[in-house]
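Undergrad: The file below is work-v4.txt, compact mmCIF, C-alpha atoms and all ligand atoms:
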```
# COMPACT_ATOMS: atom_id res chain seq x y z
CA MET W 728 -122.53 105.98 36.89
CA ILE W 729 -119.03 106.93 38.05
CA ILE W 730 -119.03 109.40 40.89
CA SER W 731 -116.57 112.05 41.96
CA SER W 732 -115.63 112.35 45.57
CA ALA W 733 -118.44 114.76 46.49
CA LEU W 734 -121.40 112.39 46.67
CA SER W 735 -121.09 110.13 49.69
CA PRO W 736 -118.08 108.29 48.22
CA ASN W 737 -117.06 106.31 51.31
CA THR W 738 -120.44 104.74 51.93
CA GLU W 739 -120.60 100.96 51.68
CA GLN W 740 -123.48 98.58 52.34
CA ASP W 741 -122.47 98.03 55.97
CA ASP W 742 -122.46 101.80 56.54
CA LEU W 743 -125.99 102.08 55.15
CA LYS W 744 -127.15 99.28 57.47
CA LEU W 745 -125.48 100.98 60.43
CA ILE W 746 -127.03 104.34 59.55
CA LYS W 747 -130.51 102.81 59.44
CA ARG W 748 -129.94 101.36 62.91
CA LEU W 749 -128.67 104.74 64.14
CA ILE W 750 -131.77 106.49 62.85
CA TRP W 751 -133.87 103.92 64.68
CA HIS W 752 -131.98 104.58 67.93
CA LEU W 753 -131.64 108.34 67.49
CA GLN W 754 -130.85 110.13 70.78
CA LYS W 755 -130.61 106.85 72.69
CA ILE W 756 -126.87 106.32 72.13
CA GLU W 757 -124.42 107.39 74.82
CA GLY W 758 -120.65 107.51 75.22
CA ALA W 759 -119.82 107.15 71.51
CA VAL W 760 -117.98 110.48 71.29
CA SER W 761 -115.53 109.50 74.06
CA GLU W 762 -115.05 106.10 72.42
CA LEU W 763 -114.24 107.78 69.10
CA GLU W 764 -111.82 110.21 70.78
CA GLU W 765 -110.06 107.31 72.49
CA ALA W 766 -109.86 105.21 69.30
CA PHE W 767 -108.59 108.20 67.31
CA SER W 768 -105.95 109.01 69.93
CA GLY W 769 -104.81 105.36 69.82
CA PHE W 770 -104.56 105.50 66.04
CA ILE W 771 -102.80 108.84 65.58
CA GLY W 772 -100.63 108.59 68.68
CA LEU W 773 -101.54 112.01 70.11
CA LYS W 774 -102.52 112.22 73.77
CA TYR W 775 -105.44 114.61 73.57
CA CYS W 776 -108.23 114.31 70.96
CA PHE W 777 -111.54 116.18 70.98
CA ALA W 778 -114.42 115.54 68.59
CA PHE W 779 -116.62 118.28 67.09
CA ASN W 780 -119.42 118.47 64.54
CA SER W 781 -116.90 119.36 61.81
CA GLY W 782 -113.26 120.01 60.98
CA ARG W 783 -113.98 123.75 60.87
CA THR W 784 -115.29 123.74 64.46
CA ALA W 785 -112.23 121.70 65.54
CA PHE W 786 -110.05 124.36 63.87
CA LEU W 787 -111.93 127.16 65.66
CA ALA W 788 -111.39 125.34 68.98
CA ILE W 789 -107.62 125.25 68.31
CA LEU W 790 -107.51 128.94 67.32
CA GLN W 791 -109.36 129.84 70.53
CA ALA W 792 -107.04 127.66 72.60
CA LEU W 793 -104.06 129.49 71.06
CA ASN W 794 -105.74 132.81 71.92
CA VAL W 795 -105.86 133.98 68.29
CA LYS W 796 -107.65 137.32 68.36
CA GLU W 797 -108.38 140.56 66.56
CA GLY W 798 -105.30 141.95 64.80
CA ASP W 799 -103.46 138.61 64.66
CA GLU W 800 -102.47 137.20 61.30
CA VAL W 801 -102.90 133.54 60.40
CA LEU W 802 -101.02 132.22 57.39
CA VAL W 803 -102.91 129.81 55.15
CA GLN W 804 -102.27 128.57 51.65
CA GLY W 805 -104.08 129.62 48.49
CA LEU W 806 -106.00 126.68 47.02
CA THR W 807 -108.00 126.00 50.11
CA CYS W 808 -111.59 125.79 51.26
CA ALA W 809 -113.74 128.72 52.42
CA VAL W 810 -114.54 126.94 55.69
CA LEU W 811 -110.88 127.04 56.68
CA ILE W 812 -111.01 130.82 56.44
CA THR W 813 -114.32 131.51 58.21
CA PRO W 814 -113.10 130.43 61.71
CA ILE W 815 -110.19 132.90 61.36
CA LEU W 816 -112.59 135.69 60.35
CA TYR W 817 -114.98 134.66 63.17
CA LEU W 818 -112.25 135.61 65.67
CA LYS W 819 -111.62 138.86 63.73
CA ALA W 820 -108.09 137.75 62.92
CA LYS W 821 -106.69 138.18 59.41
CA PRO W 822 -106.02 135.34 56.98
CA ILE W 823 -102.86 135.91 54.94
CA PHE W 824 -102.62 133.80 51.82
CA VAL W 825 -99.39 132.06 50.85
CA ASP W 826 -98.78 130.60 47.39
CA ILE W 827 -98.41 126.89 46.74
CA ASP W 828 -95.53 124.71 45.60
CA GLU W 829 -95.36 121.92 43.00
CA THR W 830 -97.22 119.52 45.33
CA LEU W 831 -100.15 121.96 45.76
CA ASN W 832 -99.04 122.60 49.37
CA ILE W 833 -97.90 125.79 51.09
CA ASP W 834 -94.66 127.12 49.61
CA PRO W 835 -91.98 127.62 52.32
CA ILE W 836 -90.30 130.41 50.32
CA ASP W 837 -93.46 132.51 49.94
CA LEU W 838 -94.33 131.63 53.54
CA LYS W 839 -91.13 133.25 54.83
CA ASN W 840 -91.93 136.39 52.80
CA LYS W 841 -95.38 136.70 54.33
CA ILE W 842 -94.46 136.38 58.02
CA THR W 843 -94.77 139.65 59.93
CA SER W 844 -94.63 140.66 63.60
CA LYS W 845 -98.41 140.05 63.70
CA THR W 846 -98.22 136.41 62.54
CA LYS W 847 -99.67 134.25 65.29
CA ALA W 848 -100.07 130.91 63.53
CA ILE W 849 -99.23 129.02 60.34
CA VAL W 850 -101.74 126.52 59.02
CA VAL W 851 -100.18 123.71 57.01
CA GLN W 852 -102.67 121.88 54.83
CA HIS W 853 -101.58 118.54 53.42
CA THR W 854 -103.50 119.03 50.20
CA PHE W 855 -105.40 116.02 48.83
CA GLY W 856 -103.28 113.83 51.12
CA TRP W 857 -99.77 114.72 49.90
CA PRO W 858 -97.64 115.74 52.92
CA ALA W 859 -96.46 119.36 52.88
CA LYS W 860 -92.79 120.28 53.51
CA ILE W 861 -93.55 119.96 57.17
CA VAL W 862 -90.04 119.70 58.64
CA GLU W 863 -88.86 122.83 56.82
CA ILE W 864 -92.00 124.71 57.86
CA LYS W 865 -91.74 123.52 61.46
CA GLU W 866 -88.21 124.92 61.55
CA ILE W 867 -89.44 128.31 60.25
CA ALA W 868 -92.28 128.39 62.83
CA LYS W 869 -89.92 127.48 65.66
CA GLU W 870 -87.35 130.11 64.67
CA ARG W 871 -90.00 132.82 64.57
CA ASN W 872 -91.93 131.59 67.62
CA ILE W 873 -95.16 131.07 65.69
CA PHE W 874 -97.74 128.35 66.37
CA LEU W 875 -97.95 125.57 63.80
CA ILE W 876 -101.38 124.04 63.10
CA GLU W 877 -101.73 121.10 60.71
CA ASP W 878 -104.87 120.99 58.59
CA CYS W 879 -105.29 117.24 58.10
CA ALA W 880 -108.77 117.46 56.57
CA HIS W 881 -107.38 115.55 53.57
CA SER W 882 -104.52 113.60 55.08
CA LEU W 883 -105.71 111.09 57.66
CA GLY W 884 -103.25 108.19 57.42
CA SER W 885 -100.67 110.06 55.27
CA GLN W 886 -97.16 109.91 56.65
CA TYR W 887 -93.90 111.79 56.44
CA ASN W 888 -90.76 109.87 57.37
CA GLY W 889 -92.84 107.22 59.14
CA SER W 890 -94.88 109.66 61.28
CA TYR W 891 -98.49 110.53 60.62
CA CYS W 892 -99.44 113.96 59.30
CA GLY W 893 -100.95 115.75 62.26
CA THR W 894 -98.17 114.81 64.68
CA PHE W 895 -95.67 117.54 63.71
CA GLY W 896 -97.42 120.76 64.71
CA ASP W 897 -98.52 122.26 68.02
CA ALA W 898 -102.02 121.04 67.21
CA SER W 899 -103.84 119.49 64.28
CA PHE W 900 -107.36 118.93 63.08
CA PHE W 901 -109.09 116.34 60.91
CA SER W 902 -112.37 116.23 59.01
CA PHE W 903 -114.89 113.42 58.72
CA GLY W 904 -116.91 115.34 56.13
CA ARG W 905 -118.84 113.57 53.39
CA ASP W 906 -116.00 113.61 50.86
CA LYS W 907 -113.09 113.13 53.24
CA VAL W 908 -110.75 110.20 53.99
CA ILE W 909 -113.30 108.63 56.31
CA SER W 910 -116.77 110.02 56.65
CA SER W 911 -119.56 110.55 59.14
CA VAL W 912 -121.15 113.10 56.75
CA PHE W 913 -120.07 115.90 59.11
CA GLY W 914 -117.55 115.63 61.94
CA GLY W 915 -114.04 116.55 62.96
CA MET W 916 -111.29 116.09 65.51
CA ALA W 917 -108.81 118.45 67.18
CA SER W 918 -105.62 116.78 68.44
CA THR W 919 -102.52 117.81 70.35
CA ASN W 920 -99.83 116.54 72.70
CA ASP W 921 -99.62 119.90 74.48
CA LYS W 922 -101.42 119.88 77.82
CA SER W 923 -102.21 123.59 77.97
CA ILE W 924 -103.52 123.70 74.39
CA ALA W 925 -105.58 120.59 75.21
CA LEU W 926 -107.10 122.35 78.21
CA GLY W 927 -108.17 125.27 76.02
CA ILE W 928 -109.75 122.95 73.43
CA LYS W 929 -111.49 120.94 76.13
CA GLN W 930 -112.97 124.04 77.72
CA PHE W 931 -114.22 125.20 74.31
CA GLN W 932 -115.75 121.77 73.67
CA GLN W 933 -117.47 121.65 77.07
CA GLU W 934 -119.18 124.98 76.47
CA LEU W 935 -120.77 123.85 73.19
CA LYS W 936 -124.27 122.45 72.83
CA GLN W 937 -125.34 119.26 71.06
CA PRO W 938 -126.72 119.69 67.55
CA SER W 939 -130.48 119.38 67.32
CA PHE W 940 -132.32 116.10 66.70
CA CYS W 941 -133.24 117.42 63.25
CA TRP W 942 -129.62 118.29 62.32
CA THR W 943 -128.41 114.82 63.21
CA LEU W 944 -131.28 113.10 61.42
CA LYS W 945 -130.68 115.14 58.25
CA HIS W 946 -127.03 114.14 58.22
CA LEU W 947 -127.83 110.46 58.73
CA LEU W 948 -130.37 110.59 55.91
CA ASN W 949 -127.87 112.15 53.50
CA PRO W 950 -125.98 108.96 52.47
CA ILE W 951 -129.20 106.95 52.29
CA LEU W 952 -130.94 109.42 49.97
CA ILE W 953 -127.83 109.97 47.86
CA ASN W 954 -127.19 106.26 47.34
CA SER W 955 -130.69 104.93 46.92
CA PHE W 956 -132.45 107.85 45.23
CA ILE W 957 -130.28 110.68 43.91
CA LEU W 958 -127.38 108.81 42.28
CA PRO W 959 -129.65 106.47 40.27
CA LEU W 960 -131.46 109.57 38.95
CA TYR W 961 -128.23 111.01 37.51
CA SER W 962 -128.54 108.50 34.66
CA PHE W 963 -131.83 110.17 33.60
CA TRP W 964 -130.58 113.36 31.88
CA GLY W 965 -128.74 114.40 35.03
CA LEU W 966 -132.03 114.58 36.94
CA GLY W 967 -130.25 113.54 40.16
CA LYS W 968 -128.33 116.83 40.21
CA TRP W 969 -131.52 118.88 40.12
CA VAL W 970 -133.16 116.74 42.79
CA LEU W 971 -130.06 117.18 44.96
CA VAL W 972 -130.04 120.97 44.44
CA PHE W 973 -133.76 121.09 45.28
CA LEU W 974 -133.35 119.02 48.47
CA GLN W 975 -130.40 121.17 49.56
CA LYS W 976 -132.13 124.47 48.72
CA THR W 977 -135.15 123.43 50.75
CA HIS W 978 -132.81 122.41 53.60
CA ILE W 979 -134.08 118.82 53.50
CA LEU W 980 -130.49 117.71 52.87
CA PRO W 981 -127.45 119.49 54.33
CA ARG W 982 -124.92 121.36 52.21
CA PRO W 983 -121.21 120.97 52.87
CA VAL W 984 -120.69 124.76 52.74
CA SER W 985 -123.51 127.17 53.54
CA GLU W 986 -124.28 130.40 51.66
CA LYS W 987 -123.24 132.39 54.75
CA GLU W 988 -119.88 130.65 54.83
CA LYS W 989 -119.31 131.48 51.17
CA GLN W 990 -119.80 135.12 52.26
CA GLY W 991 -117.10 134.82 54.94
CA LYS W 992 -119.34 134.24 57.97
CA MET W 993 -119.19 131.24 60.29
CA PRO W 994 -122.74 130.95 61.66
CA LYS W 995 -122.65 130.82 65.47
CA HIS W 996 -125.49 128.31 65.57
CA PHE W 997 -123.39 125.87 63.52
CA ILE W 998 -120.61 125.61 66.14
CA LYS W 999 -121.57 122.44 68.02
CA LYS W 1000 -120.38 119.22 69.64
CA MET W 1001 -120.30 115.99 67.68
CA PRO W 1002 -123.48 113.96 68.19
CA ASN W 1003 -123.04 110.38 69.41
CA GLU W 1004 -124.76 108.95 66.31
CA LEU W 1005 -122.20 110.48 63.93
CA ALA W 1006 -119.39 109.42 66.29
CA VAL W 1007 -120.53 105.78 65.93
CA LEU W 1008 -120.34 106.14 62.16
CA ALA W 1009 -116.90 107.83 62.25
CA LYS W 1010 -115.51 105.07 64.50
CA HIS W 1011 -116.95 102.43 62.17
CA GLN W 1012 -115.17 104.11 59.24
CA LEU W 1013 -111.90 104.52 61.16
CA VAL W 1014 -111.64 100.73 61.28
CA LYS W 1015 -111.73 100.73 57.46
CA LEU W 1016 -109.09 103.45 57.04
CA GLU W 1017 -106.19 101.19 56.12
CA ARG W 1018 -108.25 99.36 53.47
CA PHE W 1019 -109.59 102.67 52.09
CA ASN W 1020 -106.10 104.16 51.76
CA LYS W 1021 -104.61 100.99 50.24
CA HIS W 1022 -107.34 101.09 47.62
CA ARG W 1023 -106.69 104.79 46.96
CA LYS W 1024 -102.99 104.10 46.40
CA GLY W 1025 -103.77 101.33 43.90
CA ILE W 1026 -106.12 103.57 41.92
CA ALA W 1027 -103.59 106.45 41.96
CA GLU W 1028 -100.90 104.10 40.61
CA PHE W 1029 -103.32 103.07 37.86
CA TYR W 1030 -103.90 106.72 36.85
CA VAL W 1031 -100.13 107.33 36.74
CA GLN W 1032 -99.59 104.26 34.60
CA GLU W 1033 -102.48 104.96 32.21
CA LEU W 1034 -102.20 108.74 31.89
CA GLY W 1035 -98.39 108.97 31.75
CA GLY W 1036 -97.26 110.46 28.46
CA SER W 1037 -100.74 111.64 27.48
CA GLY W 1038 -100.18 115.35 28.04
CA PHE W 1039 -101.63 115.74 31.50
CA ILE W 1040 -99.65 117.29 34.31
CA MET W 1041 -99.97 115.06 37.36
CA PRO W 1042 -98.71 116.93 40.45
CA PHE W 1043 -98.56 113.70 42.48
CA ASN W 1044 -96.62 111.74 39.86
CA ARG W 1045 -93.27 112.29 41.56
CA PRO W 1046 -90.80 110.34 43.71
CA PHE W 1047 -92.23 109.66 47.15
CA GLU W 1048 -88.92 110.36 48.96
CA LYS W 1049 -89.96 110.30 52.64
CA ASN W 1050 -93.66 110.85 51.86
CA ASN W 1051 -96.34 108.23 52.16
CA PRO W 1052 -99.46 110.02 50.81
CA ASN W 1053 -102.97 108.63 51.23
CA PHE W 1054 -104.04 109.90 47.76
CA MET W 1055 -107.40 111.11 49.04
CA LYS W 1056 -107.76 112.58 45.56
CA PHE W 1057 -105.61 112.39 42.45
CA PRO W 1058 -105.26 115.87 40.92
CA ILE W 1059 -104.47 116.40 37.24
CA LEU W 1060 -104.14 119.61 35.25
CA VAL W 1061 -106.02 119.75 31.96
CA ASN W 1062 -105.57 121.89 28.86
CA THR W 1063 -109.28 122.30 28.13
CA ASN W 1064 -111.90 124.64 29.55
CA LEU W 1065 -112.91 123.09 32.88
CA LYS W 1066 -116.63 123.72 32.58
CA VAL W 1067 -116.74 122.17 29.12
CA ILE W 1068 -114.85 119.03 30.07
CA LEU W 1069 -116.84 118.51 33.29
CA GLU W 1070 -120.12 118.86 31.42
CA LYS W 1071 -118.95 116.44 28.70
CA ALA W 1072 -118.00 113.99 31.44
CA ARG W 1073 -121.40 114.31 33.06
CA ARG W 1074 -123.05 113.48 29.75
CA ALA W 1075 -120.87 110.38 29.62
CA ASN W 1076 -122.19 109.45 33.10
CA ILE W 1077 -118.91 110.39 34.79
CA LEU W 1078 -119.26 112.94 37.60
CA LEU W 1079 -115.88 114.59 38.07
CA GLY W 1080 -116.72 117.99 39.56
CA ASP W 1081 -115.79 117.89 43.23
CA GLY W 1082 -115.89 121.64 43.78
CA TRP W 1083 -112.14 122.35 43.58
CA ARG W 1084 -112.13 124.59 40.55
CA GLU W 1085 -111.86 128.11 39.17
CA THR W 1086 -110.83 129.98 42.33
CA PRO W 1087 -108.01 129.74 44.88
CA ILE W 1088 -110.69 129.45 47.60
CA VAL W 1089 -113.37 126.87 46.88
CA PRO W 1090 -116.32 126.45 46.34
CA PHE W 1091 -116.10 128.39 43.06
CA ASP W 1092 -118.94 130.76 44.07
CA THR W 1093 -117.21 131.86 47.28
CA ASN W 1094 -117.01 135.63 47.74
CA ILE W 1095 -113.24 135.90 47.48
CA LYS W 1096 -113.16 139.52 48.64
CA LYS W 1097 -115.00 138.68 51.84
CA MET W 1098 -112.30 136.07 52.50
CA SER W 1099 -109.71 138.90 52.50
CA TYR W 1100 -108.09 137.35 49.45
CA GLN W 1101 -106.36 139.68 47.02
CA TRP W 1102 -106.20 138.58 43.41
CA GLY W 1103 -102.61 138.17 42.34
CA SER W 1104 -101.35 137.30 45.85
CA CYS W 1105 -101.02 133.57 45.03
CA PRO W 1106 -100.43 133.39 41.26
CA LYS W 1107 -99.63 129.67 41.19
CA ALA W 1108 -102.74 128.74 43.16
CA GLU W 1109 -104.87 130.94 40.87
CA LYS W 1110 -103.42 129.34 37.75
CA ILE W 1111 -103.82 125.80 39.01
CA ALA W 1112 -107.41 126.36 40.15
CA ASP W 1113 -108.21 127.14 36.50
CA CYS W 1114 -107.16 123.74 35.20
CA LEU W 1115 -107.52 121.34 38.13
CA ILE W 1116 -109.58 118.18 38.05
CA ASN W 1117 -109.50 115.75 40.94
CA LEU W 1118 -109.81 112.15 39.87
CA PRO W 1119 -111.61 109.96 42.39
CA THR W 1120 -109.72 107.28 44.28
CA HIS W 1121 -112.38 106.33 46.85
CA ILE W 1122 -113.47 102.81 47.74
CA ASN W 1123 -116.43 102.86 45.34
CA ILE W 1124 -114.20 103.47 42.29
CA SER W 1125 -113.12 100.19 40.73
CA GLN W 1126 -110.25 99.79 38.28
CA GLU W 1127 -112.84 99.50 35.47
CA GLY W 1128 -114.35 102.81 36.60
CA ALA W 1129 -110.90 104.41 36.66
CA LEU W 1130 -110.27 103.07 33.15
CA ARG W 1131 -113.47 104.69 31.87
CA ILE W 1132 -112.30 108.01 33.33
CA VAL W 1133 -108.86 107.60 31.74
CA ASN W 1134 -110.35 106.82 28.32
CA PHE W 1135 -112.70 109.76 28.58
CA LEU W 1136 -109.84 112.13 29.48
CA LYS W 1137 -107.57 110.90 26.73
CA ASN W 1138 -110.31 111.63 24.21
CA ASN W 1139 -111.17 115.06 25.58
CA ASN W 1140 -107.98 116.92 26.49
CA GLY W 1141 -106.49 119.59 24.29
CA ASN W 1142 -103.13 117.82 24.29
CA THR W 1143 -100.08 120.05 24.56
CA GLY W 1144 -97.71 117.26 25.48
CA ASN W 1145 -96.27 119.24 28.41
CA ASN W 1146 -96.23 116.44 30.98
C1 LIG I 1 -108.58 121.93 53.25
C2 LIG I 1 -109.74 121.86 54.18
N1 LIG I 1 -109.59 122.25 55.46
C3 LIG I 1 -110.60 122.20 56.33
C4 LIG I 1 -111.85 121.75 55.97
C5 LIG I 1 -112.97 121.75 56.97
O1 LIG I 1 -113.50 120.48 57.22
P1 LIG I 1 -115.06 120.30 57.56
O2 LIG I 1 -115.82 120.26 56.30
O3 LIG I 1 -115.11 118.99 58.31
O4 LIG I 1 -115.46 121.44 58.42
C6 LIG I 1 -112.06 121.34 54.65
C7 LIG I 1 -113.38 120.87 54.23
O5 LIG I 1 -113.84 120.85 53.18
C8 LIG I 1 -110.98 121.39 53.73
O6 LIG I 1 -111.12 121.00 52.45
```
Please re-express this file's structure in structure tokens.
TA:
Amino acid sequence: MIISSALSPNTEQDDLKLIKRLIWHLQKIEGAVSELEEAFSGFIGLKYCFAFNSGRTAFLAILQALNVKEGDEVLVQGLTCAVLITPILYLKAKPIFVDIDETLNIDPIDLKNKITSKTKAIVVQHTFGWPAKIVEIKEIAKERNIFLIEDCAHSLGSQYNGSYCGTFGDASFFSFGRDKVISSVFGGMASTNDKSIALGIKQFQQELKQPSFCWTLKHLLNPILINSFILPLYSFWGLGKWVLVFLQKTHILPRPVSEKEKQGKMPKHFIKKMPNELAVLAKHQLVKLERFNKHRKGIAEFYVQELGGSGFIMPFNRPFEKNNPNFMKFPILVNTNLKVILEKARRANILLGDGWRETPIVPFDTNIKKMSYQWGSCPKAEKIADCLINLPTHINISQEGALRIVNFLKNNNGNTGNN
């Protein structure tokens, strides 16, 4: 079975062993959150780092610290995730969607067009690990006196001109979600060098409660159940998928995006601190970051080499210039109906669907209207969402696995030769 990046892709044997120990010692661990914050600050080179239960909560903390409020506009790119939008809506501010460029990142030209006197902040997402045009955008933000927030949910370890993504804006946030660069199933970090923004984030963090015992346990169980029970069942007529859906519907296993969030609501009860147990796991994974990203680069190079000239558009097959992407995912654009090709892949025991499909705000069943998105406002993002497949690059994909994906794609793409 070859898995996409949605099903616990960063979990290795040592993580499973650690998780079992963490379950055994649940609620007896202390000080791990501060240790993670310190280690993260040492890695990224930003003075102030604050951990939360997710990237979305870290983002909310930054928005609060910047005093984003009702009536303010926050610019975000099309081709993003619903949980980036819900914190903006939670504060009753308005998300304004900006179209994307050829690297699937926010387009500086459309960005300029969408700035108004109400624009309070620009969120720059480094999509799938490819750095956005951050220097140009920083210049625009500075000129117009607008806060710049970097969404580094995908880009931990990516660099522009030798500096890490996340070190250019007024503040940045990272995700340790299940399918992210490193993973503690859920978790996130808000970072800044600005003392007054840091004070705001710290105050927000201090006022939050710890997640419940049950919440933490569920999240620790997720990689164990996925790896030892659900994934093996995928080989039996896709049974694993139905077991997973059942366990998520009955709330035995956590979902990455809740039904409420898909309807534009950030549930208040979700906004919590990071538990120490998940902080131990995140710190353990941070040590592996360099190896993970080196592996991703090698697999991305392999896709470029093997798929070049076969009719696929590969947005990340371009000169690096000053960019050093982490290749968290390797997007390609296909000429075939997405649903059909993903289903064919599943039948060939290749799980490619990672949720980034069909709509400019994922998951595909998000209520786009409730996100304040207007169809037609980001035509490029809408078009790309219709033909995007993310190829996995994570540590559990070997070169043989990547070759199976390549062979499958070559045999199943309506080839137009427009590479
Ligand atoms: C682009 C983007 N930003 C922010 C987030 C939020 O991260 P988290 O899931 O840790 O809340 C995600 C998560 O999926 C994302 O894809």
Undergrad: For ligand LIG 1 (chain I), list the contacting residues at 6 Å or closer, counting only C-alpha atoms and all ligand atoms, as a list in words.
TA: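 These are the residues that qualify: Ser781, Gly782, Arg783, Thr807, Cys808, Val810, Leu811, Asp878, Ala880, Ser902, Phe903, Gly904, Phe913, Gly914 and Gly915 of chain W.
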Undergrad: Quick one: distance from atom CA of Leu793 of chain W to atom CA of Ile876 of chain W in Å, one decimal?
TA: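 Between atom CA of Leu793 of chain W and atom CA of Ile876 of chain W the gap works out to 10.0 Å.
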Undergrad: If you count all atoms listed in the file, which residues fall within 12 Å of Leu790 of chain W, apart from same-chain ones fewer than 2 positions away, as an NGL selection string?
TA: :W and (783-788 or 792-797 or 799-801 or 811-820 or 847-850 or 874-877 or 897-900 or 917 or 924-925 or 927-928 or 931)
Undergrad: Using only C-alpha atoms, can you tell me which of W:Ile1116, W:Met916, W:Ala1108, W:Leu980 comes closest to Arg1084 of chain W?
TA: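 Comparing W:Ile1116, W:Met916, W:Ala1108, W:Leu980 against Arg1084 of chain W, the winner is W:Ile1116.
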Undergrad: Excluding segment 881-885 of chain W and its own-chain neighbours fewer than 4 positions away, which residues fall within 10 Å of it when counting all atoms listed in the file? Please give them as a compact mmCIF listing (two decimals) with C-alpha atoms, keeping the file's coordinate frame.
TA:
```
# COMPACT_ATOMS: atom_id res chain seq x y z
CA PHE W 770 -104.56 105.50 66.04
CA ILE W 771 -102.80 108.84 65.58
CA GLN W 852 -102.67 121.88 54.83
CA HIS W 853 -101.58 118.54 53.42
CA THR W 854 -103.50 119.03 50.20
CA PHE W 855 -105.40 116.02 48.83
CA GLY W 856 -103.28 113.83 51.12
CA TRP W 857 -99.77 114.72 49.90
CA PRO W 858 -97.64 115.74 52.92
CA GLU W 877 -101.73 121.10 60.71
CA GLY W 889 -92.84 107.22 59.14
CA SER W 890 -94.88 109.66 61.28
CA TYR W 891 -98.49 110.53 60.62
CA CYS W 892 -99.44 113.96 59.30
CA GLY W 893 -100.95 115.75 62.26
CA PHE W 900 -107.36 118.93 63.08
CA PHE W 901 -109.09 116.34 60.91
CA SER W 902 -112.37 116.23 59.01
CA PHE W 903 -114.89 113.42 58.72
CA GLY W 904 -116.91 115.34 56.13
CA ASP W 906 -116.00 113.61 50.86
CA LYS W 907 -113.09 113.13 53.24
CA VAL W 908 -110.75 110.20 53.99
CA ILE W 909 -113.30 108.63 56.31
CA LEU W 1013 -111.90 104.52 61.16
CA LEU W 1016 -109.09 103.45 57.04
CA GLU W 1017 -106.19 101.19 56.12
CA PHE W 1019 -109.59 102.67 52.09
CA ASN W 1020 -106.10 104.16 51.76
CA ASN W 1050 -93.66 110.85 51.86
CA ASN W 1051 -96.34 108.23 52.16
CA PRO W 1052 -99.46 110.02 50.81
CA ASN W 1053 -102.97 108.63 51.23
CA PHE W 1054 -104.04 109.90 47.76
CA MET W 1055 -107.40 111.11 49.04
CA LYS W 1056 -107.76 112.58 45.56
```
Undergrad: Taking the point (-91.5, 133.5, 67.2) as given in the file, collect each protein or nucleic acid residue that comes within 12 Å of it, counting only C-alpha atoms, and present the set as a list in words.
TA: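 Those residues, ordered by chain and then number, are Ile842, Thr843, Ser844, Lys845, Thr846, Lys847, Ala848, Ile849, Lys865, Glu866, Ile867, Ala868, Lys869, Glu870, Arg871, Asn872, Ile873, Phe874 and Leu875 of chain W.
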Undergrad: Which residues, written as a PyMOL selection string, have at least one atom at most 10 Å from segment 1023-1030 of chain W, with only C-alpha atoms counted and residues fewer than 4 positions away on the same chain left out?
TA: chain W and resi 908+1017-1019+1034-1035+1041+1043-1044+1051-1059+1118-1122+1124-1126+1128-1130+1132-1133
Undergrad: Point out the residue among W:Gly965, W:Gln932, W:Ile957, W:Tyr775 with the least atom-to-atom distance to Glu1070 of chain W, counting only C-alpha atoms.
TA: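 When distances to Glu1070 of chain W are compared using only C-alpha atoms, the smallest one comes from W:Gly965.
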Undergrad: Tell me which residues come within 10 Å of (-100.1, 132.1, 47.4), as an NGL selection string, counting all atoms listed in the file in the file's coordinates.
TA: :W and (803-806 or 823-828 or 832-834 or 837-838 or 841 or 1087 or 1100-1109)
Undergrad: Do a neighbour search on segment 982-996 of chain W at 6 Å with all atoms listed in the file, toss out local chain neighbours closer than 4 positions, and write the hits as a PyMOL selection string.
TA: chain W and resi 813+1093-1094+1097-1098
Undergrad: Report as an MDAnalysis selection string all protein, DNA and RNA residues lying within 10 Å of Leu948 of chain W, evaluated on only C-alpha atoms, omitting residues in the same chain fewer than 4 positions from it.
TA: chainID W and resid 743 746:747 750 912 943:944 952:953 979:981
Undergrad: By how many Å are atom CA of Ala1006 of chain W and atom CA of Leu773 of chain W apart?
TA: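 Atom CA of Leu773 of chain W lies at a distance of 18.4 Å from atom CA of Ala1006 of chain W.
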Undergrad: Nearest residue to Val1089 of chain W out of W:Ile789, W:Ala809, W:Thr919, W:Trp751, using only C-alpha atoms?
TA: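 Of the candidates, the smallest distance to Val1089 of chain W is held by W:Ala809.
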Undergrad: What is the distance between atom CA of Gly758 of chain W and atom CA of Glu739 of chain W, in Å to one decimal?
TA: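 One can read the atom CA of Gly758 of chain W to atom CA of Glu739 of chain W distance as 24.4 Å.
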Undergrad: Measuring between all atoms listed in the file, which one of W:Ile951, W:Ile1095, W:Leu960, W:Leu1065 shows the shortest distance to Asn1117 of chain W?
TA: W:Leu1065
Undergrad: Rank nothing, just name the residue among W:Leu947, W:Ile864, W:Leu935, W:Ala859 nearest to Leu831 of chain W, using only C-alpha atoms.
TA: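 Nearest to Leu831 of chain W: W:Ala859.
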Undergrad: Using only C-alpha atoms, which of W:Ile756, W:Leu763, W:Ala778, W:Leu745 sits nearest Lys929 of chain W?
TA: W:Ala778
Undergrad: Around segment 896-907 of chain W, fit a box with edges along x, y and z, padding it by 4 Å on each side, then list its centre and edge lengths in Å to one decimal as JSON.
TA:
```
{"center_x": -108.1, "center_y": 117.7, "center_z": 59.4, "size_x": 29.4, "size_y": 17.1, "size_z": 25.2}
```
